[in-house]
Amino acid sequence: MKTFKLGGVHPAANKLSDKAPIEVAAVPAMVAIPMAQNLGAPSKAIVAKGDKVKVGTVIGEPGGFLSSFVHSSVSGTVDKVDLVEDATGKKVPAVFIKVEGDEWEESIDRSKDIVREIKLEKQAIIDRVKACGIVGMGGATFPTQVKLTPPPTAKPECVIINAVECEPYLTSDHSLMLAHAEEICIGVQILEKAMGVSKAYIGIEANKPDAIKLMTETAKNGFPEIEIVPLKLKYPQGGEKQLINAVIGKEVPSGGLPIATGALVQNVGTAFAVYEAVQKNKPLIERIVTVTGKSVKKPSNFLARLGVPVADLIAAAGGVPEDTGKIISGGPMMGKAMPDTNSYMVKGCSGILVMKNEEARRKEASPCIRCAKCVHACPMGLQPNFLSKYSELGMLDEAEAERIYDCIECGSCQFSCPANRPLLDWIRQGKPKVMGILRARAAAAAEAKKAAEAAAAEKK
Amino acid sequence: MNVILIALIALGAIGLLGSLLLYVVAKQFFVFEDPRVGQVEELLPGANCGGCGFPGCHGMADACVKAKDADNSLGSLLCPVGGSETMGKVADVLGLEAGAAEPKLAVVRCNGNICARPKVALYDGAKSCAVASATFSGETACAFGCLGLGDCVKACQFDAIRMNTETGLPEVDEEKCVACGACAKACPKFVIEIRKKSAMAKAPAAKRVWVSCINKDKGAAARKACANACIGCGKCQKVCKFEAITVEGNVAFIDNEKCKACGMCVSECPTGAIHATAPVMAVVEKLKAKKEAEKKAAAEAAAAAKAAETPKTEA
C-alpha cells in the first residue's frame with residue numbers, strides 16, 4: 001500500500017463515530033451566519049435588518065479576489081448584523097436570521113434523483129462553483145473557484161480527491177462517502193471537466209475498508225477513469241503535498257504550488273459540494289460535522305446548516321460531559337481549541353471534539369534534549385527544533401534559510417516531542433513573518449523591474 | 001647570523017609593504033565623519049535601545065548633528081533614556097538651546113486583575129503573549145486586555161516592568177522606565193502606551209490621569225467580562241473642561257497633551273476605569289467628599305421640603 005515518503009506520525013485513530021449514520025441536525029429558532037468563512041478576505045454582508053431571505057439567498061458577497069459568496073442556510077427574516085465569536089473567540093461580523101418555515105429558492109433542485117449528465121462547460125462550472133460559495137471543505141476553506149483557475153503556466157494532469165481523513169476522531173468524510181458515493185464520483189468528473197483532465201484518484205486511508213470497497217464498486221459502474229487508492233495509515237497523509245506524494249509519487253517543489261506536479265487536490269466533501277452546486281444548483285448551506293470525544297454520550301455525524309450554534313450540536317450528541325478539558329473545532333492535531341461554545345457552524349468546521357481533562361491538558365515543557373524526533377517526524381523534511389527557536393528569538397533570516405515557509409503546520413513535531421516543547425506554537429509565530437518578508441521582497445523586485453523597464457522604454 | 005639578517009630584512013620589508021598598503025587604503029577610502037557625532041555619541045547613554053527611533057545611539061548622534069546643520073535645532077529628537085538632561089548636554093556640545101523635552105513613561109492601560117476579570121478558559125500553550133494572542137482571544141471574556149504572559153517584561157532592557165503575581169498584570173517602575181517603547185511594541189494587544197509622565201511639567205510629583213482600559217465591546221459586554229472595564233458611558237467626557245477626553249468605540253481616551261490632571265473625570269467614572277497618580281487622587285478624594293456632602297445636603301433639603309409640604313396638602 002502507498003504512503004508518503006518523509007516523516008509522519010501515528011496518533012491513535014479513535015474513530016468513535018465511524019458507524020454512526022448521518023443525522024440531520026435540528027434547525028434552531030435563530031441562526032448566526034458568520035461572514036468570515038473562507039481563507040482570505042471575509043465576505044461582505046449585503047442584507048439588512050428586516051430583509052426576508054429563503055434557503056439559498058445570497059447574504060454575503062466576496063470581499064476580494066480570495067473570498068467567496070455566503071448564502072442563507074434557513075428561510076426567515078434578518079434580525080441583525082452583529083459581531084459573533086468565531087472558534088477562537090475572536091469577533092467576526094455575522095448575519096442573524098430568525099427562522100420562519102423552510103422555504104427554498106426555486107432555482108434549487110431539491111429532488112433526490114442523481115443527475116449523471118454534466119451539462120455545463122468548463123468556465124460555466126467554475127462560475128457556478130463561485131456563485132454557490134464553495135470552499136475547501138477539509139478545513140482550510142480555500143475558495144474553490146480560485147483553485148480551479150490555476151496559473152496559465154500550470155499543466156494539470158489529474159485530479160486527486162482527498163478522502164484520507166487522517167485526523168484522529170473525525171469521520172465526516174467517511175460517513176459522506178458511505179452515503180453519497182455516486183454523487184461524489186460525479187463531482188469528481190465535474191472537477192475533471194473544469195480542469196480539462198481525464199484522470200482522477202481518490203485517496204482513502206486503509207482504516208476505512210467499507211468506504212474503499214463501496215467507492216471502488218461505484219467507480220467500476222461508469223467511472224472508469226477514477227482510481228481508488230488505498231493508503232497506509234500515517235498522519236498527515238491528508239496534507240495536500242503529502243497526498244500528492246503518496247498517490248502519484250511526485251514532490252511539490254519547495255515554495256511552489258501543488259499544481260506544479262500536475263495534480264489538483266480537492267477534499268471529498270468539496271467534490272460532493274461541487275456536485276450539488278453544478279447538478280442541483282444548491283449553494284453551500286450545510287455540511288457534515290462529526291461531534292465526538294471519548295466522554296461524549298453519543299458520538300455522531302450531523303448534517304448541520306451553517307450558522308447553527310455549536311452548543312446545540314454538542315447538546316444533540318449528549319451535552320458537554322463533566323470532566324471536559326478542551327472543546328476543539330476540527331481534529332485533535334490541527335483543530336483549534338475553543339475558549340467557549342458561543343460560536344456557530346461554518347463551512348470549514350469538519351468536527352467538534354470534546355476532550356477529557358486528562359487527555360487535553362498539555363504537559364509541562366522541559367528543555368530540548370536534541371533527540372531529533374521532531375526532525376524525523378516532519379513530513380516536509382524541516383528541522384522543527386531550530387525553526388521554533390529561531391521564531392522565538394526573532395532570528396528570521398535563519399528561519400528563512402531553514403525554509404520555515406514550507407511548514408504545513410501539521411503538528412507532527414509537537415506530537416512527537418518527548419520534552420513536550422511547544423514547537424508549533426513558535427513556528428506559527430515565525431512563519432507569517434518570514435512569508436511577509438518574502439512577499440515584500442517579491443513586491444519590491446517587481447517594482448524595480450517595472451521601473452527598469454520604464455526607464456529602458458524611455459531611452460528608446 | 002645570516003639567517004637572522006635575512007629574516008629581519010624580509011619581515012621588515014613585509015611590514016613596510018603592509019603599512020604602505022594600509023596607508024594608501026586609509027587615504028583612498030577615507031570616510032569623513034563629523035567629529036561632533038563622536039562627541040554627541042559619548043554623551044548618549046549607549047544602551048542602544050532604539051527608543052529614540054534610530055538604530056542605536058550612533059544613529060541618534062548622527063541625527064542630532066544633521067538636525068543642527070539642517071535647521072539649527074534639535075527639533076523633536078529626544079533620548080528617552082537620558083531625558084532632557086542628556087539632551088541639554090548634547091545641545092551644549094552643538095551650541096544650541098536645549099528644548100524642553102517632557103519626560104514620558106510606559107502606562108499599562110488594563111486593570112483587569114485576577115479578581116475583576118474571571119477566567120473563562122485555560123491556556124496551556126507556549127508562555128508568550130504573541131503566541132497566545134495568535135491562538136485565541138484570551139483566557140477571560142475580555143478580548144482586548146492584558147494576556148499576562150509577560151512579553152513586555154522580556155522586552156524591557158531596563159528592568160523597569162515586572163509582572164505582579166497578585167494582580168496578574170505588569171507594573172511599570174516609574175524610576176527605571178525610560179519610555180523607550182520596547183514593551184509597547186512587544187505587546188500584541190497594544191495595552192501599553194507611552195504617555196507624558198506628568199500633565200504639569202513643573203509639578204513636584206507626577207500628576208497624570210489615564211483610562212486603564214481599552215475594551216471596545218459595548219458597555220454591558222465589557223462590564224460582564226471585567227468589573228474594572230470602561231463602559232464608554234461618556235460621563236468623563238461631559239465633565240472634562242479641557243476637551244481632553246474622547247469616547248470612541250465604547251472606550252474613553254484621555255489626550256495627555258490637553259489633560260490638566262484636574263481629577264474631575266476620575267471622580268465621575270462609575271467603574272473606576274480612570275486612574276491617576278497619588279497627587280491627583282488626593283484632589284479626587286476631596287472632590288468625591290464634596291459631592292457626597294452635596295448629595296446629602298440635597299437629599300436633606302428635599303426631605304425637609306417634603307416634610308414641609310405634606311401637612312399643607314393634608315390641611
# chains A, B, ... in the order shown; residues from 1 in each chain; ligands from 1
>>> interface_residues(of="chain B", to="chain A", cutoff="8 Å", atoms="only C-alpha atoms", output="PyMOL selection string")
chain B and resi 120-122+124-126+130-131+134-139+143
>>> residues_around(residues="A:Glu322", least_positions_apart="3", cutoff="10 Å", atoms="only C-alpha atoms", output="list in words")
Ser295, Val296, Gly319, Gly325, Lys356 and Asn357 of chain A
>>> write_last_selection(atoms="C-alpha atoms", output="compact mmCIF listing (two decimals), in the first residue's frame")
# COMPACT_ATOMS: atom_id res chain seq x y z
CA SER A 295 -16.62 11.10 27.06
CA VAL A 296 -19.36 12.15 24.63
CA GLY A 319 -24.20 17.55 26.02
CA GLY A 325 -10.83 19.85 29.41
CA LYS A 356 -11.41 14.90 28.69
CA ASN A 357 -9.32 17.00 31.02
>>> residues_around(residues="stretch 71-82 of chain B", least_positions_apart="6", cutoff="8 Å", atoms="only C-alpha atoms", output="list of chain:residue names")
B:Leu44, B:Pro45, B:Gly51, B:Cys52, B:Cys64, B:Ala91, B:Leu96, B:Glu97, B:Ala98, B:Gly99, B:Ala101, B:Pro103, B:Lys104, B:Val178, B:Ala179, B:Cys180
>>> write_last_selection(atoms="N, CA and C atoms", output="JSON list (two decimals), in the first residue's frame")
[["chain", "number", "residue", "atom", "x", "y", "z"],
["B", 44, "LEU", "N", 25.52, 60.26, 24.95],
["B", 44, "LEU", "CA", 24.32, 59.41, 24.98],
["B", 44, "LEU", "C", 24.57, 58.18, 25.85],
["B", 45, "PRO", "N", 23.52, 57.58, 26.37],
["B", 45, "PRO", "CA", 23.71, 56.52, 27.37],
["B", 45, "PRO", "C", 24.35, 55.23, 26.83],
["B", 51, "GLY", "N", 14.88, 53.42, 21.47],
["B", 51, "GLY", "CA", 13.69, 54.15, 21.94],
["B", 51, "GLY", "C", 13.52, 55.48, 21.26],
["B", 52, "CYS", "N", 14.63, 56.05, 20.74],
["B", 52, "CYS", "CA", 14.57, 57.34, 20.07],
["B", 52, "CYS", "C", 14.04, 57.22, 18.66],
["B", 64, "CYS", "N", 21.24, 63.94, 15.40],
["B", 64, "CYS", "CA", 21.34, 65.21, 16.15],
["B", 64, "CYS", "C", 22.20, 66.21, 15.37],
["B", 91, "ALA", "N", 22.86, 69.51, 23.36],
["B", 91, "ALA", "CA", 22.62, 70.85, 22.81],
["B", 91, "ALA", "C", 23.82, 71.75, 23.09],
["B", 96, "LEU", "N", 23.58, 74.78, 20.97],
["B", 96, "LEU", "CA", 22.15, 75.08, 20.80],
["B", 96, "LEU", "C", 21.49, 75.26, 22.16],
["B", 97, "GLU", "N", 20.30, 75.84, 22.11],
["B", 97, "GLU", "CA", 19.48, 75.87, 23.32],
["B", 97, "GLU", "C", 18.81, 74.51, 23.46],
["B", 98, "ALA", "N", 18.81, 74.00, 24.65],
["B", 98, "ALA", "CA", 18.15, 72.71, 24.85],
["B", 98, "ALA", "C", 16.65, 72.89, 24.81],
["B", 99, "GLY", "N", 15.96, 72.04, 24.07],
["B", 99, "GLY", "CA", 14.50, 72.11, 24.05],
["B", 99, "GLY", "C", 13.95, 71.53, 25.34],
["B", 101, "ALA", "N", 12.21, 69.04, 26.68],
["B", 101, "ALA", "CA", 11.60, 67.74, 26.39],
["B", 101, "ALA", "C", 10.87, 67.24, 27.62],
["B", 103, "PRO", "N", 9.42, 64.44, 29.99],
["B", 103, "PRO", "CA", 9.66, 63.03, 30.29],
["B", 103, "PRO", "C", 8.39, 62.21, 30.09],
["B", 104, "LYS", "N", 8.57, 61.02, 29.58],
["B", 104, "LYS", "CA", 7.43, 60.14, 29.35],
["B", 104, "LYS", "C", 7.67, 58.81, 30.04],
["B", 178, "VAL", "N", 12.30, 54.30, 30.96],
["B", 178, "VAL", "CA", 12.87, 55.37, 30.14],
["B", 178, "VAL", "C", 12.02, 55.66, 28.91],
["B", 179, "ALA", "N", 10.85, 55.03, 28.85],
["B", 179, "ALA", "CA", 9.91, 55.26, 27.75],
["B", 179, "ALA", "C", 10.51, 54.95, 26.39],
["B", 180, "CYS", "N", 11.32, 53.92, 26.30],
["B", 180, "CYS", "CA", 11.90, 53.57, 25.01],
["B", 180, "CYS", "C", 10.85, 52.91, 24.11]]
>>> residues_around(residues="stretch 228-238 of chain A", least_positions_apart="3", cutoff="8 Å", atoms="only C-alpha atoms", output="ChimeraX atom specification")
/A:1-4,8-11,162-167,201-207,212,215-216,219,242-243,246-247,379,410,412
>>> select_by_dssp(residues="stretch 207-310 of chain B", states="strand (DSSP E)", output="compact mmCIF listing (two decimals) with C-alpha atoms, in the first residue's frame")
# COMPACT_ATOMS: atom_id res chain seq x y z
CA VAL B 209 -4.56 60.62 34.54
CA TRP B 210 -5.30 57.78 32.17
CA VAL B 211 -8.09 55.41 31.25
CA ILE B 245 -11.43 63.15 26.63
CA THR B 246 -12.88 61.42 23.61
CA VAL B 247 -15.10 58.33 23.70
CA GLU B 248 -14.66 56.25 20.59
CA VAL B 251 -13.93 53.33 25.30
CA ALA B 252 -12.70 56.67 26.64
CA PHE B 253 -9.31 58.08 25.82
CA ILE B 254 -7.57 60.96 27.56
CA ILE B 274 -9.89 56.09 35.09
CA HIS B 275 -6.69 56.00 37.07
CA ALA B 276 -4.49 58.76 38.41
>>> residues_around(residues="A:Gly430", least_positions_apart="2", cutoff="9 Å", atoms="only C-alpha atoms", output="JSON, numbers by chain")
{"A": [387, 388, 390, 391, 392, 394, 395, 396, 399, 404, 405, 426, 427, 428, 432, 433, 434, 435]}
>>> write_last_selection(atoms="C-alpha atoms", output="PDB file, in the first residue's frame")
ATOM      1  CA  LEU A 387      12.628  26.673  13.399  1.00  0.00           C
ATOM      2  CA  SER A 388      10.867  27.022  16.719  1.00  0.00           C
ATOM      3  CA  TYR A 390      14.582  30.901  15.548  1.00  0.00           C
ATOM      4  CA  SER A 391      10.992  32.093  15.685  1.00  0.00           C
ATOM      5  CA  GLU A 392      11.125  32.516  19.442  1.00  0.00           C
ATOM      6  CA  GLY A 394      13.194  36.575  16.210  1.00  0.00           C
ATOM      7  CA  MET A 395      16.036  35.189  14.028  1.00  0.00           C
ATOM      8  CA  LEU A 396      14.035  35.457  10.840  1.00  0.00           C
ATOM      9  CA  ALA A 399      14.361  30.740   9.843  1.00  0.00           C
ATOM     10  CA  ILE A 404      10.154  27.878   7.595  1.00  0.00           C
ATOM     11  CA  TYR A 405       7.753  28.848   4.791  1.00  0.00           C
ATOM     12  CA  TRP A 426       6.515  29.182  17.950  1.00  0.00           C
ATOM     13  CA  ILE A 427       6.833  28.135  14.319  1.00  0.00           C
ATOM     14  CA  ARG A 428       3.373  29.608  13.725  1.00  0.00           C
ATOM     15  CA  PRO A 432       3.854  34.535   8.725  1.00  0.00           C
ATOM     16  CA  LYS A 433       6.646  36.997   9.490  1.00  0.00           C
ATOM     17  CA  VAL A 434       9.006  35.273   7.060  1.00  0.00           C
ATOM     18  CA  MET A 435       6.212  34.985   4.487  1.00  0.00           C
TER      19      MET A 435
END
>>> closest_residue(among="B:Ala186, B:Leu5, B:Met87, B:Ala155", to="B:Ser133", atoms="only C-alpha atoms")
B:Ala186
>>> residues_around(residues="B:Ala116", least_positions_apart="5", cutoff="8 Å", atoms="only C-alpha atoms", output="number ranges by chain")
B: 226-228
>>> write_last_selection(atoms="N, CA and C atoms", output="PDB file, in the first residue's frame")
ATOM      1  N   CYS B 226     -15.314  42.179  32.749  1.00  0.00           N
ATOM      2  CA  CYS B 226     -14.350  42.742  33.700  1.00  0.00           C
ATOM      3  C   CYS B 226     -15.020  43.840  34.523  1.00  0.00           C
ATOM      4  N   ALA B 227     -14.904  43.736  35.834  1.00  0.00           N
ATOM      5  CA  ALA B 227     -15.552  44.703  36.725  1.00  0.00           C
ATOM      6  C   ALA B 227     -14.911  46.077  36.616  1.00  0.00           C
ATOM      7  N   ASN B 228     -13.659  46.142  36.149  1.00  0.00           N
ATOM      8  CA  ASN B 228     -12.954  47.416  36.079  1.00  0.00           C
ATOM      9  C   ASN B 228     -12.988  48.043  34.687  1.00  0.00           C
TER      10      ASN B 228
END
